[in-house]
file final26.pdb (PDB, C-alpha atoms)
ATOM      1  CA  MET V 713      34.654 -49.530  20.710  1.00  0.00           C
ATOM      2  CA  SER V 714      33.708 -49.166  24.358  1.00  0.00           C
ATOM      3  CA  SER V 715      30.163 -48.174  25.286  1.00  0.00           C
ATOM      4  CA  ALA V 716      31.387 -44.942  26.883  1.00  0.00           C
ATOM      5  CA  LEU V 717      33.212 -43.909  23.715  1.00  0.00           C
ATOM      6  CA  TYR V 718      30.220 -44.900  21.607  1.00  0.00           C
ATOM      7  CA  PHE V 719      27.825 -42.781  23.673  1.00  0.00           C
ATOM      8  CA  ASP V 720      30.215 -39.846  23.583  1.00  0.00           C
ATOM      9  CA  GLN V 721      30.508 -39.956  19.789  1.00  0.00           C
ATOM     10  CA  ILE V 722      26.757 -40.392  19.263  1.00  0.00           C
ATOM     11  CA  LYS V 723      26.154 -37.426  21.552  1.00  0.00           C
ATOM     12  CA  GLN V 724      28.573 -35.341  19.490  1.00  0.00           C
ATOM     13  CA  LEU V 725      26.895 -36.398  16.240  1.00  0.00           C
ATOM     14  CA  VAL V 726      23.465 -35.567  17.634  1.00  0.00           C
ATOM     15  CA  GLU V 727      24.745 -32.118  18.608  1.00  0.00           C
ATOM     16  CA  LEU V 728      26.104 -31.656  15.100  1.00  0.00           C
ATOM     17  CA  GLN V 729      22.784 -32.771  13.651  1.00  0.00           C
ATOM     18  CA  LYS V 730      20.950 -30.189  15.776  1.00  0.00           C
ATOM     19  CA  VAL V 731      23.159 -27.453  14.292  1.00  0.00           C
ATOM     20  CA  ASP V 732      22.630 -28.840  10.797  1.00  0.00           C
ATOM     21  CA  ASP V 733      18.873 -28.893  11.444  1.00  0.00           C
ATOM     22  CA  ALA V 734      19.024 -25.178  12.215  1.00  0.00           C
ATOM     23  CA  ILE V 735      21.193 -24.513   9.143  1.00  0.00           C
ATOM     24  CA  PHE V 736      18.764 -26.503   7.001  1.00  0.00           C
ATOM     25  CA  ALA V 737      15.832 -24.434   8.298  1.00  0.00           C
ATOM     26  CA  VAL V 738      17.624 -21.137   7.567  1.00  0.00           C
ATOM     27  CA  ARG V 739      18.558 -22.248   4.069  1.00  0.00           C
ATOM     28  CA  GLN V 740      14.980 -23.261   3.434  1.00  0.00           C
ATOM     29  CA  GLU V 741      13.938 -19.782   4.522  1.00  0.00           C
ATOM     30  CA  LEU V 742      16.536 -18.177   2.233  1.00  0.00           C
ATOM     31  CA  GLU V 743      15.161 -20.198  -0.659  1.00  0.00           C
ATOM     32  CA  SER V 744      11.470 -19.799   0.121  1.00  0.00           C
ATOM     33  CA  ALA V 745      11.410 -16.050   0.872  1.00  0.00           C
ATOM     34  CA  PRO V 746      12.310 -14.921  -2.687  1.00  0.00           C
ATOM     35  CA  ARG V 747      10.045 -17.649  -4.067  1.00  0.00           C
ATOM     36  CA  ASP V 748       7.120 -16.376  -1.978  1.00  0.00           C
ATOM     37  CA  LEU V 749       7.784 -12.865  -3.286  1.00  0.00           C
ATOM     38  CA  GLU V 750       7.936 -14.144  -6.856  1.00  0.00           C
ATOM     39  CA  GLU V 751       4.601 -15.949  -6.448  1.00  0.00           C
ATOM     40  CA  LEU V 752       3.045 -12.782  -5.023  1.00  0.00           C
ATOM     41  CA  GLU V 753       4.461 -10.761  -7.923  1.00  0.00           C
ATOM     42  CA  GLN V 754       2.934 -13.227 -10.372  1.00  0.00           C
ATOM     43  CA  ARG V 755      -0.450 -12.907  -8.654  1.00  0.00           C
ATOM     44  CA  PHE V 756      -0.166  -9.125  -8.769  1.00  0.00           C
ATOM     45  CA  GLU V 757       0.810  -9.188 -12.456  1.00  0.00           C
ATOM     46  CA  ALA V 758      -2.188 -11.423 -13.206  1.00  0.00           C
ATOM     47  CA  ALA V 759      -4.501  -9.036 -11.332  1.00  0.00           C
ATOM     48  CA  ASP V 760      -2.916  -6.083 -13.120  1.00  0.00           C
ATOM     49  CA  ALA V 761      -3.406  -7.744 -16.516  1.00  0.00           C
ATOM     50  CA  GLN V 762      -7.043  -8.535 -15.664  1.00  0.00           C
ATOM     51  CA  ARG V 763      -7.574  -4.954 -14.509  1.00  0.00           C
ATOM     52  CA  ASN V 764      -6.062  -3.591 -17.730  1.00  0.00           C
ATOM     53  CA  ARG V 765      -8.326  -5.836 -19.815  1.00  0.00           C
ATOM     54  CA  VAL V 766     -11.392  -4.443 -18.040  1.00  0.00           C
ATOM     55  CA  LEU V 767     -10.100  -0.884 -18.405  1.00  0.00           C
ATOM     56  CA  ASP V 768      -9.553  -1.452 -22.140  1.00  0.00           C
ATOM     57  CA  LYS V 769     -13.057  -2.851 -22.470  1.00  0.00           C
ATOM     58  CA  LEU V 770     -14.492   0.105 -20.559  1.00  0.00           C
ATOM     59  CA  ALA V 771     -12.626   2.535 -22.820  1.00  0.00           C
ATOM     60  CA  HIS V 772     -14.014   0.749 -25.884  1.00  0.00           C
ATOM     61  CA  LEU V 773     -17.558   0.778 -24.478  1.00  0.00           C
ATOM     62  CA  GLN V 774     -17.272   4.472 -23.630  1.00  0.00           C
ATOM     63  CA  GLU V 775     -16.160   5.197 -27.191  1.00  0.00           C
ATOM     64  CA  GLN V 776     -19.172   3.273 -28.478  1.00  0.00           C
ATOM     65  CA  GLN V 777     -21.431   5.190 -26.098  1.00  0.00           C
ATOM     66  CA  LYS V 778     -20.027   8.490 -27.330  1.00  0.00           C
ATOM     67  CA  ARG V 779     -20.496   7.440 -30.971  1.00  0.00           C
ATOM     68  CA  LEU V 780     -24.070   6.288 -30.373  1.00  0.00           C
ATOM     69  CA  SER V 781     -24.977   9.482 -28.540  1.00  0.00           C
ATOM     70  CA  LEU V 782     -23.678  11.567 -31.437  1.00  0.00           C
ATOM     71  CA  GLU V 783     -25.553   9.426 -33.966  1.00  0.00           C
ATOM     72  CA  ILE V 784     -28.770   9.607 -31.923  1.00  0.00           C
ATOM     73  CA  ASP V 785     -28.449  13.387 -31.605  1.00  0.00           C
ATOM     74  CA  ASP V 786     -27.751  13.655 -35.314  1.00  0.00           C
ATOM     75  CA  ASP V 787     -30.760  11.465 -36.193  1.00  0.00           C
ATOM     76  CA  SER V 788     -32.995  13.450 -33.846  1.00  0.00           C
ATOM     77  CA  ALA V 789     -31.904  16.660 -35.521  1.00  0.00           C
ATOM     78  CA  ARG V 790     -32.610  15.193 -38.967  1.00  0.00           C
ATOM     79  CA  ILE V 791     -36.043  13.963 -37.873  1.00  0.00           C
ATOM     80  CA  LYS V 792     -36.859  17.387 -36.451  1.00  0.00           C
ATOM     81  CA  LYS V 793     -35.694  19.009 -39.667  1.00  0.00           C
ATOM     82  CA  SER V 794     -37.788  16.581 -41.737  1.00  0.00           C
ATOM     83  CA  LYS V 795     -40.853  17.359 -39.613  1.00  0.00           C
ATOM     84  CA  ASN V 796     -40.396  21.052 -40.322  1.00  0.00           C
ATOM     85  CA  LYS V 797     -40.122  20.335 -44.060  1.00  0.00           C
ATOM     86  CA  LEU V 798     -43.203  18.147 -43.884  1.00  0.00           C
ATOM     87  CA  MET V 799     -45.281  21.211 -42.998  1.00  0.00           C
ATOM     88  CA  GLN V 800     -44.207  22.799 -46.275  1.00  0.00           C
ATOM     89  CA  VAL V 801     -44.967  19.830 -48.568  1.00  0.00           C
ATOM     90  CA  GLY V 802     -47.229  20.814 -51.471  1.00  0.00           C
ATOM     91  CA  ASN V 803     -48.446  17.441 -52.797  1.00  0.00           C
ATOM     92  CA  THR V 804     -49.465  13.990 -51.540  1.00  0.00           C
ATOM     93  CA  ARG V 805     -46.694  12.049 -53.261  1.00  0.00           C
ATOM     94  CA  GLU V 806     -43.950  14.139 -51.670  1.00  0.00           C
ATOM     95  CA  TYR V 807     -45.752  13.974 -48.328  1.00  0.00           C
ATOM     96  CA  HIS V 808     -45.826  10.161 -48.305  1.00  0.00           C
ATOM     97  CA  ALA V 809     -42.196   9.947 -49.436  1.00  0.00           C
ATOM     98  CA  MET V 810     -41.127  12.147 -46.556  1.00  0.00           C
ATOM     99  CA  MET V 811     -43.237  10.167 -44.102  1.00  0.00           C
ATOM    100  CA  ARG V 812     -41.544   6.961 -45.226  1.00  0.00           C
ATOM    101  CA  GLU V 813     -38.153   8.592 -44.815  1.00  0.00           C
ATOM    102  CA  MET V 814     -39.045   9.837 -41.318  1.00  0.00           C
ATOM    103  CA  ASP V 815     -40.377   6.437 -40.332  1.00  0.00           C
ATOM    104  CA  SER V 816     -37.116   4.826 -41.474  1.00  0.00           C
ATOM    105  CA  MET V 817     -35.049   7.350 -39.509  1.00  0.00           C
ATOM    106  CA  GLU V 818     -37.163   6.828 -36.398  1.00  0.00           C
ATOM    107  CA  LYS V 819     -36.676   3.048 -36.625  1.00  0.00           C
ATOM    108  CA  VAL V 820     -32.920   3.523 -36.901  1.00  0.00           C
ATOM    109  CA  ASN V 821     -33.035   5.910 -33.970  1.00  0.00           C
ATOM    110  CA  ARG V 822     -35.012   3.468 -31.821  1.00  0.00           C
ATOM    111  CA  SER V 823     -32.533   0.716 -32.705  1.00  0.00           C
ATOM    112  CA  ARG V 824     -29.681   2.942 -31.611  1.00  0.00           C
ATOM    113  CA  GLU V 825     -31.481   3.804 -28.377  1.00  0.00           C
ATOM    114  CA  GLU V 826     -31.863   0.078 -27.646  1.00  0.00           C
ATOM    115  CA  GLU V 827     -28.195  -0.461 -28.453  1.00  0.00           C
ATOM    116  CA  LYS V 828     -27.347   2.398 -26.105  1.00  0.00           C
ATOM    117  CA  MET V 829     -29.347   0.813 -23.262  1.00  0.00           C
ATOM    118  CA  THR V 830     -27.577  -2.513 -23.785  1.00  0.00           C
ATOM    119  CA  LEU V 831     -24.292  -0.644 -23.818  1.00  0.00           C
ATOM    120  CA  LEU V 832     -25.123   1.110 -20.541  1.00  0.00           C
ATOM    121  CA  GLU V 833     -25.916  -2.239 -18.910  1.00  0.00           C
ATOM    122  CA  GLU V 834     -22.584  -3.644 -20.089  1.00  0.00           C
ATOM    123  CA  LEU V 835     -20.806  -0.540 -18.825  1.00  0.00           C
ATOM    124  CA  GLN V 836     -22.367  -1.058 -15.401  1.00  0.00           C
ATOM    125  CA  LEU V 837     -21.290  -4.704 -15.365  1.00  0.00           C
ATOM    126  CA  GLN V 838     -17.729  -3.778 -16.280  1.00  0.00           C
ATOM    127  CA  ASN V 839     -17.603  -0.994 -13.700  1.00  0.00           C
ATOM    128  CA  ASP V 840     -18.789  -3.453 -11.034  1.00  0.00           C
ATOM    129  CA  ALA V 841     -16.146  -5.942 -12.180  1.00  0.00           C
ATOM    130  CA  LEU V 842     -13.489  -3.228 -12.025  1.00  0.00           C
ATOM    131  CA  ALA V 843     -14.513  -2.279  -8.478  1.00  0.00           C
ATOM    132  CA  GLU V 844     -14.157  -5.912  -7.367  1.00  0.00           C
ATOM    133  CA  ILE V 845     -10.807  -6.315  -9.146  1.00  0.00           C
ATOM    134  CA  ASP V 846      -9.558  -3.053  -7.643  1.00  0.00           C
ATOM    135  CA  ARG V 847     -10.181  -4.368  -4.135  1.00  0.00           C
ATOM    136  CA  ASP V 848      -7.990  -7.417  -4.767  1.00  0.00           C
ATOM    137  CA  TYR V 849      -5.529  -5.343  -6.786  1.00  0.00           C
ATOM    138  CA  SER V 850      -5.075  -2.795  -3.995  1.00  0.00           C
ATOM    139  CA  ALA V 851      -4.686  -5.507  -1.349  1.00  0.00           C
ATOM    140  CA  LEU V 852      -2.103  -7.366  -3.438  1.00  0.00           C
ATOM    141  CA  LYS V 853      -0.240  -4.152  -4.195  1.00  0.00           C
ATOM    142  CA  ALA V 854      -0.052  -3.255  -0.500  1.00  0.00           C
ATOM    143  CA  GLU V 855       1.036  -6.790   0.435  1.00  0.00           C
ATOM    144  CA  LEU V 856       3.668  -6.762  -2.294  1.00  0.00           C
ATOM    145  CA  GLU V 857       5.108  -3.451  -1.115  1.00  0.00           C
ATOM    146  CA  VAL V 858       5.331  -4.726   2.468  1.00  0.00           C
ATOM    147  CA  LYS V 859       6.938  -7.990   1.393  1.00  0.00           C
ATOM    148  CA  ARG V 860       9.446  -6.233  -0.850  1.00  0.00           C
ATOM    149  CA  ASP V 861      10.389  -3.848   1.948  1.00  0.00           C
ATOM    150  CA  GLY V 862      10.732  -6.684   4.462  1.00  0.00           C
ATOM    151  CA  LEU V 863      12.497  -9.193   2.233  1.00  0.00           C
ATOM    152  CA  GLU V 864      15.890  -7.502   2.292  1.00  0.00           C
ATOM    153  CA  GLU V 865      15.874  -7.284   6.091  1.00  0.00           C
ATOM    154  CA  LYS V 866      14.608 -10.853   6.410  1.00  0.00           C
ATOM    155  CA  LEU V 867      17.345 -12.169   4.131  1.00  0.00           C
ATOM    156  CA  ARG V 868      19.999 -10.151   5.946  1.00  0.00           C
ATOM    157  CA  LYS V 869      18.958 -11.603   9.303  1.00  0.00           C
ATOM    158  CA  ALA V 870      18.833 -15.114   7.871  1.00  0.00           C
ATOM    159  CA  LYS V 871      22.330 -14.737   6.414  1.00  0.00           C
ATOM    160  CA  ASP V 872      23.655 -13.429   9.738  1.00  0.00           C
ATOM    161  CA  ASN V 873      22.016 -16.379  11.482  1.00  0.00           C
ATOM    162  CA  LEU V 874      23.528 -18.758   8.951  1.00  0.00           C
ATOM    163  CA  GLU V 875      26.971 -17.287   9.509  1.00  0.00           C
ATOM    164  CA  GLU V 876      26.640 -17.809  13.271  1.00  0.00           C
ATOM    165  CA  LEU V 877      25.401 -21.352  12.792  1.00  0.00           C
ATOM    166  CA  ASN V 878      28.257 -22.200  10.450  1.00  0.00           C
ATOM    167  CA  GLU V 879      30.689 -20.944  13.086  1.00  0.00           C
ATOM    168  CA  LYS V 880      28.949 -23.068  15.713  1.00  0.00           C
ATOM    169  CA  ARG V 881      29.077 -26.043  13.369  1.00  0.00           C
ATOM    170  CA  SER V 882      32.794 -25.596  12.971  1.00  0.00           C
ATOM    171  CA  GLN V 883      33.230 -25.634  16.743  1.00  0.00           C
ATOM    172  CA  VAL V 884      31.004 -28.687  17.238  1.00  0.00           C
ATOM    173  CA  SER V 885      32.766 -30.540  14.422  1.00  0.00           C
ATOM    174  CA  LYS V 886      36.144 -30.141  16.093  1.00  0.00           C
ATOM    175  CA  LEU V 887      34.914 -32.248  19.013  1.00  0.00           C
ATOM    176  CA  ILE V 888      34.161 -35.214  16.760  1.00  0.00           C
ATOM    177  CA  PRO V 889      36.927 -37.662  15.815  1.00  0.00           C
ATOM    178  CA  GLN V 890      37.926 -37.038  12.204  1.00  0.00           C
ATOM    179  CA  PRO V 891      36.986 -40.505  10.857  1.00  0.00           C
ATOM    180  CA  VAL V 892      33.523 -40.250  12.454  1.00  0.00           C
ATOM    181  CA  PHE V 893      33.039 -36.691  11.184  1.00  0.00           C
ATOM    182  CA  MET V 894      34.117 -37.682   7.659  1.00  0.00           C
ATOM    183  CA  ARG V 895      31.620 -40.521   7.727  1.00  0.00           C
ATOM    184  CA  TYR V 896      28.885 -38.041   8.749  1.00  0.00           C
ATOM    185  CA  GLU V 897      29.913 -35.621   5.990  1.00  0.00           C
ATOM    186  CA  PHE V 898      30.034 -38.404   3.399  1.00  0.00           C
ATOM    187  CA  ILE V 899      26.398 -39.199   4.141  1.00  0.00           C
ATOM    188  CA  ARG V 900      25.334 -35.547   4.432  1.00  0.00           C
ATOM    189  CA  VAL V 901      26.401 -34.609   0.908  1.00  0.00           C
ATOM    190  CA  ARG V 902      24.789 -37.686  -0.634  1.00  0.00           C
ATOM    191  CA  LEU V 903      21.487 -38.082   1.198  1.00  0.00           C
ATOM    192  CA  GLU V 904      18.525 -35.901   2.033  1.00  0.00           C
ATOM    193  CA  HIS V 905      18.523 -34.188   5.430  1.00  0.00           C
ATOM    194  CA  PRO V 906      18.979 -35.431   8.192  1.00  0.00           C
ATOM    195  CA  VAL V 907      22.106 -37.589   8.611  1.00  0.00           C
ATOM    196  CA  ILE V 908      21.658 -39.241  12.015  1.00  0.00           C
ATOM    197  CA  VAL V 909      18.241 -40.431  13.202  1.00  0.00           C
ATOM    198  CA  ALA V 910      16.734 -42.373  16.060  1.00  0.00           C
ATOM    199  CA  VAL V 911      15.398 -45.903  15.849  1.00  0.00           C
ATOM    200  CA  LYS V 912      12.180 -46.349  17.800  1.00  0.00           C
ATOM    201  CA  ASP V 913      10.313 -49.620  18.171  1.00  0.00           C
ATOM    202  CA  GLY V 914      12.781 -51.112  15.719  1.00  0.00           C
ATOM    203  CA  VAL V 915      11.895 -48.593  12.979  1.00  0.00           C
ATOM    204  CA  CYS V 916      14.304 -46.071  11.447  1.00  0.00           C
ATOM    205  CA  SER V 917      12.805 -42.580  11.739  1.00  0.00           C
ATOM    206  CA  GLY V 918      14.694 -41.497   8.621  1.00  0.00           C
ATOM    207  CA  CYS V 919      13.004 -43.872   6.173  1.00  0.00           C
ATOM    208  CA  ASN V 920      10.243 -45.352   8.390  1.00  0.00           C
ATOM    209  CA  ILE V 921      11.373 -48.881   7.579  1.00  0.00           C
ATOM    210  CA  ALA V 922      12.104 -51.568  10.186  1.00  0.00           C
ATOM    211  CA  VAL V 923      15.750 -52.229  10.931  1.00  0.00           C
ATOM    212  CA  PRO V 924      16.701 -55.928  10.558  1.00  0.00           C
ATOM    213  CA  PRO V 925      16.538 -57.760  13.933  1.00  0.00           C
ATOM    214  CA  GLN V 926      20.265 -58.486  14.066  1.00  0.00           C
ATOM    215  CA  SER V 927      21.128 -54.840  13.336  1.00  0.00           C
ATOM    216  CA  PHE V 928      18.675 -53.737  16.002  1.00  0.00           C
ATOM    217  CA  ILE V 929      20.280 -56.047  18.558  1.00  0.00           C
ATOM    218  CA  GLU V 930      23.716 -54.629  17.719  1.00  0.00           C
ATOM    219  CA  LEU V 931      22.303 -51.095  17.970  1.00  0.00           C
ATOM    220  CA  GLN V 932      20.960 -51.815  21.448  1.00  0.00           C
ATOM    221  CA  ARG V 933      24.374 -53.007  22.583  1.00  0.00           C
ATOM    222  CA  GLY V 934      25.720 -49.509  21.943  1.00  0.00           C
ATOM    223  CA  GLN V 935      29.237 -50.468  20.912  1.00  0.00           C
ATOM    224  CA  GLN V 936      29.585 -49.219  17.340  1.00  0.00           C
ATOM    225  CA  ILE V 937      28.031 -46.525  15.150  1.00  0.00           C
ATOM    226  CA  LEU V 938      25.670 -48.220  12.704  1.00  0.00           C
ATOM    227  CA  SER V 939      23.881 -47.159   9.535  1.00  0.00           C
ATOM    228  CA  CYS V 940      20.350 -48.000   8.504  1.00  0.00           C
ATOM    229  CA  PRO V 941      20.594 -50.810   5.924  1.00  0.00           C
ATOM    230  CA  ASN V 942      17.792 -49.198   3.950  1.00  0.00           C
ATOM    231  CA  CYS V 943      18.471 -45.412   3.845  1.00  0.00           C
ATOM    232  CA  GLN V 944      22.164 -45.497   4.904  1.00  0.00           C
ATOM    233  CA  ARG V 945      21.666 -42.794   7.555  1.00  0.00           C
ATOM    234  CA  LEU V 946      23.493 -43.105  10.861  1.00  0.00           C
ATOM    235  CA  ILE V 947      21.203 -44.495  13.545  1.00  0.00           C
ATOM    236  CA  PHE V 948      21.006 -44.717  17.318  1.00  0.00           C
ATOM    237  CA  TRP V 949      18.521 -46.363  19.652  1.00  0.00           C
ATOM    238  CA  CYS V 950      16.046 -43.851  21.072  1.00  0.00           C
ATOM    239  CA  GLU V 951      16.257 -45.556  24.484  1.00  0.00           C
ATOM    240  CA  HIS V 952      19.927 -44.618  24.700  1.00  0.00           C
ATOM    241  CA  PHE V 953      19.416 -40.932  23.934  1.00  0.00           C
ATOM    242  CA  SER V 954      16.746 -38.284  23.796  1.00  0.00           C
ATOM    243  CA  MET V 955      16.916 -35.237  21.524  1.00  0.00           C
ATOM    244  CA  PRO V 956      15.424 -32.328  23.532  1.00  0.00           C
ATOM    245  CA  GLU V 957      16.144 -28.675  22.946  1.00  0.00           C
ATOM    246  CA  GLU V 958      19.098 -28.836  25.321  1.00  0.00           C
ATOM    247  CA  ALA V 959      22.091 -31.086  24.721  1.00  0.00           C
ATOM    248  CA  PRO V 960      21.045 -34.745  24.975  1.00  0.00           C
ATOM    249  CA  GLU V 961      21.944 -36.502  28.195  1.00  0.00           C
ATOM    250  CA  VAL V 962      23.653 -39.877  28.156  1.00  0.00           C
ATOM    251  CA  THR V 963      21.881 -42.608  30.090  1.00  0.00           C
ATOM    252  CA  ALA V 964      23.281 -45.911  31.176  1.00  0.00           C
ATOM    253  CA  PRO V 965      23.838 -48.227  28.204  1.00  0.00           C
ATOM    254  CA  VAL V 966      21.658 -51.282  27.765  1.00  0.00           C
ATOM    255  CA  ASP V 967      23.608 -54.495  27.684  1.00  0.00           C
TER
END

call {"tool": "encode", "arguments": {"input": "final26.pdb", "output": "structure tokens"}}
result
Amino acid sequence: MSSALYFDQIKQLVELQKVDDAIFAVRQELESAPRDLEELEQRFEAADAQRNRVLDKLAHLQEQQKRLSLEIDDDSARIKKSKNKLMQVGNTREYHAMMREMDSMEKVNRSREEEKMTLLEELQLQNDALAEIDRDYSALKAELEVKRDGLEEKLRKAKDNLEELNEKRSQVSKLIPQPVFMRYEFIRVRLEHPVIVAVKDGVCSGCNIAVPPQSFIELQRGQQILSCPNCQRLIFWCEHFSMPEEAPEVTAPVD
């Protein structure tokens, strides 16, 4: 193969790789966007579950508070009633019996008052926890709504972009000789992206392993399309070509 033909084919392959790079990026976006939404949904579900646990605990504590208040009120009424009866006691034995009963009721009442105070402290802690959870919950909910609304549009644009890129790829591919294109495609379907890479300072940029000296010498001659002996990707010498945003320019071959 002449150097001119070699440079022309490498240039065409580099152009094809640039299109495939763009296609790869769009496909990554198509894959990652739903995954990002799913991760956000999982975070929201976890926050929702945590919030519901706190709400359940608060409901239970409030039921306990209601029960204790009723019991305390009932005990207070019984103590008051016993005090009224005490004024009507006619003998010492009955008086002492009623005093013991009142003392027992007052102890129970004090115990319930202490339990109520502990319950109020726990209620405050849970309400504080709920307020903190609600802040995260509300933020996640808002973020989730925005992401859900934007996902469909984002995917639509990505698919439109992919369609355009596939059309461009078809056009670029037609410029490449069929045997060379088939070789590129053979590698593309079997190896990780990308297919064609530069060799700089004797090192393949696809696998970051040095190309054997003899292969590097042949690569510098610029007369045939070579593959990296290690990763099997197509390679070219970086001194022959650059890969800027615009189409790469061919420089004079190195003999």

call {"tool": "residues_around", "arguments": {"input": "final26.pdb", "residues": "stretch 729-732 of chain V", "least_positions_apart": "5", "cutoff": "9 Å", "atoms": "only C-alpha atoms", "output": "MDAnalysis selection string"}}
result
chainID V and resid 724 737 877:878 880:881 884 905:909 955 957

call {"tool": "closest_residue", "arguments": {"input": "final26.pdb", "among": "V:Ala870, V:Met811, V:Leu725, V:Leu752", "to": "V:Met799", "atoms": "all atoms listed in the file"}}
result
V:Met811

call {"tool": "residues_around", "arguments": {"input": "final26.pdb", "residues": "V:Asp848", "least_positions_apart": "5", "cutoff": "9 Å", "atoms": "all atoms listed in the file", "output": "list in words"}}
result
Phe756, Ala759 and Lys853 of chain V

call {"tool": "closest_atom_pairs", "arguments": {"input": "final26.pdb", "of": "stretch 857-916 of chain V", "to": "stretch 938-944 of chain V", "cutoff": "10 Å", "atoms": "only C-alpha atoms", "output": "tab-separated table"}}
result
residue	atom	partner	partner_atom	distance
V:Ile899	CA	V:Gln944	CA	7.6
V:Arg902	CA	V:Gln944	CA	9.9
V:Leu903	CA	V:Gln944	CA	8.3
V:Glu904	CA	V:Cys943	CA	9.7
V:Val907	CA	V:Gln944	CA	8.7
V:Ile908	CA	V:Ser939	CA	8.6
V:Val909	CA	V:Cys940	CA	9.2
V:Val911	CA	V:Cys940	CA	9.1
V:Val915	CA	V:Cys940	CA	9.6
V:Cys916	CA	V:Cys940	CA	7.0

call {"tool": "closest_residue", "arguments": {"input": "final26.pdb", "among": "V:Leu782, V:Leu770, V:Glu818, V:Gly862", "to": "V:Pro746", "atoms": "only C-alpha atoms"}}
result
V:Gly862

call {"tool": "resolve_selection", "arguments": {"input": "final26.pdb", "expression": "the PyMOL selection byres ((chain V and resi 789-795) around 8)", "output": "ChimeraX atom specification"}}
result
/V:785-788,796-799,810,814,817-818

call {"tool": "closest_residue", "arguments": {"input": "final26.pdb", "among": "V:Leu837, V:Leu832, V:Leu852, V:Ala734", "to": "V:Gln754", "atoms": "only C-alpha atoms"}}
result
V:Leu852

call {"tool": "resolve_selection", "arguments": {"input": "final26.pdb", "expression": "the PyMOL selection byres ((chain V and resi 923) around 12)", "output": "compact mmCIF listing (two decimals) with C-alpha atoms, in the coordinates of the input"}}
result
# COMPACT_ATOMS: atom_id res chain seq x y z
CA ALA V 910 16.73 -42.37 16.06
CA VAL V 911 15.40 -45.90 15.85
CA LYS V 912 12.18 -46.35 17.80
CA ASP V 913 10.31 -49.62 18.17
CA GLY V 914 12.78 -51.11 15.72
CA VAL V 915 11.90 -48.59 12.98
CA CYS V 916 14.30 -46.07 11.45
CA SER V 917 12.80 -42.58 11.74
CA GLY V 918 14.69 -41.50 8.62
CA CYS V 919 13.00 -43.87 6.17
CA ASN V 920 10.24 -45.35 8.39
CA ILE V 921 11.37 -48.88 7.58
CA ALA V 922 12.10 -51.57 10.19
CA PRO V 924 16.70 -55.93 10.56
CA PRO V 925 16.54 -57.76 13.93
CA GLN V 926 20.26 -58.49 14.07
CA SER V 927 21.13 -54.84 13.34
CA PHE V 928 18.68 -53.74 16.00
CA ILE V 929 20.28 -56.05 18.56
CA GLU V 930 23.72 -54.63 17.72
CA LEU V 931 22.30 -51.10 17.97
CA GLN V 932 20.96 -51.82 21.45
CA LEU V 938 25.67 -48.22 12.70
CA SER V 939 23.88 -47.16 9.54
CA CYS V 940 20.35 -48.00 8.50
CA PRO V 941 20.59 -50.81 5.92
CA ASN V 942 17.79 -49.20 3.95
CA CYS V 943 18.47 -45.41 3.84
CA GLN V 944 22.16 -45.50 4.90
CA ARG V 945 21.67 -42.79 7.56
CA LEU V 946 23.49 -43.10 10.86
CA ILE V 947 21.20 -44.50 13.54
CA PHE V 948 21.01 -44.72 17.32
CA TRP V 949 18.52 -46.36 19.65

call {"tool": "closest_residue", "arguments": {"input": "final26.pdb", "among": "V:Leu717, V:Leu874, V:Leu887, V:Val801", "to": "V:Ile735", "atoms": "only C-alpha atoms"}}
result
V:Leu874

call {"tool": "closest_residue", "arguments": {"input": "final26.pdb", "among": "V:Lys778, V:Lys769, V:Arg860, V:Lys828", "to": "V:Glu750", "atoms": "all atoms listed in the file"}}
result
V:Arg860

call {"tool": "residues_around", "arguments": {"input": "final26.pdb", "residues": "V:Leu863", "least_positions_apart": "5", "cutoff": "9 Å", "atoms": "only C-alpha atoms", "output": "list in words"}}
result
Ala745, Pro746, Leu749, Val858 and Arg868 of chain V

call {"tool": "residues_around", "arguments": {"input": "final26.pdb", "residues": "V:Lys871", "least_positions_apart": "6", "cutoff": "9 Å", "atoms": "all atoms listed in the file", "output": "VMD selection string"}}
result
chain V and resid 738 to 739 742

call {"tool": "write_last_selection", "arguments": {"input": "final26.pdb", "atoms": "C-alpha atoms", "output": "PDB file, keeping the file's coordinate frame"}}
result
ATOM      1  CA  VAL V 738      17.624 -21.137   7.567  1.00  0.00           C
ATOM      2  CA  ARG V 739      18.558 -22.248   4.069  1.00  0.00           C
ATOM      3  CA  LEU V 742      16.536 -18.177   2.233  1.00  0.00           C
TER       4      LEU V 742
END

call {"tool": "closest_residue", "arguments": {"input": "final26.pdb", "among": "V:Glu875, V:Glu813, V:Glu753, V:Glu827", "to": "V:Leu773", "atoms": "only C-alpha atoms"}}
result
V:Glu827

call {"tool": "atom_distance", "arguments": {"input": "final26.pdb", "atom1": "atom CA of V:Met894", "atom2": "atom CA of V:Val726"}}
result
14.7 Å

call {"tool": "atom_distance", "arguments": {"input": "final26.pdb", "atom1": "atom CA of V:Asp760", "atom2": "atom CA of V:Gln774"}}
result
20.7 Å

call {"tool": "resolve_selection", "arguments": {"input": "final26.pdb", "expression": "the PyMOL selection byres ((chain V and resi 763) around 9)", "output": "ChimeraX atom specification"}}
result
/V:758-762,764-768,841-842,845-846,849

call {"tool": "atom_distance", "arguments": {"input": "final26.pdb", "atom1": "atom CA of V:Leu831", "atom2": "atom CA of V:Ser850"}}
result
27.7 Å
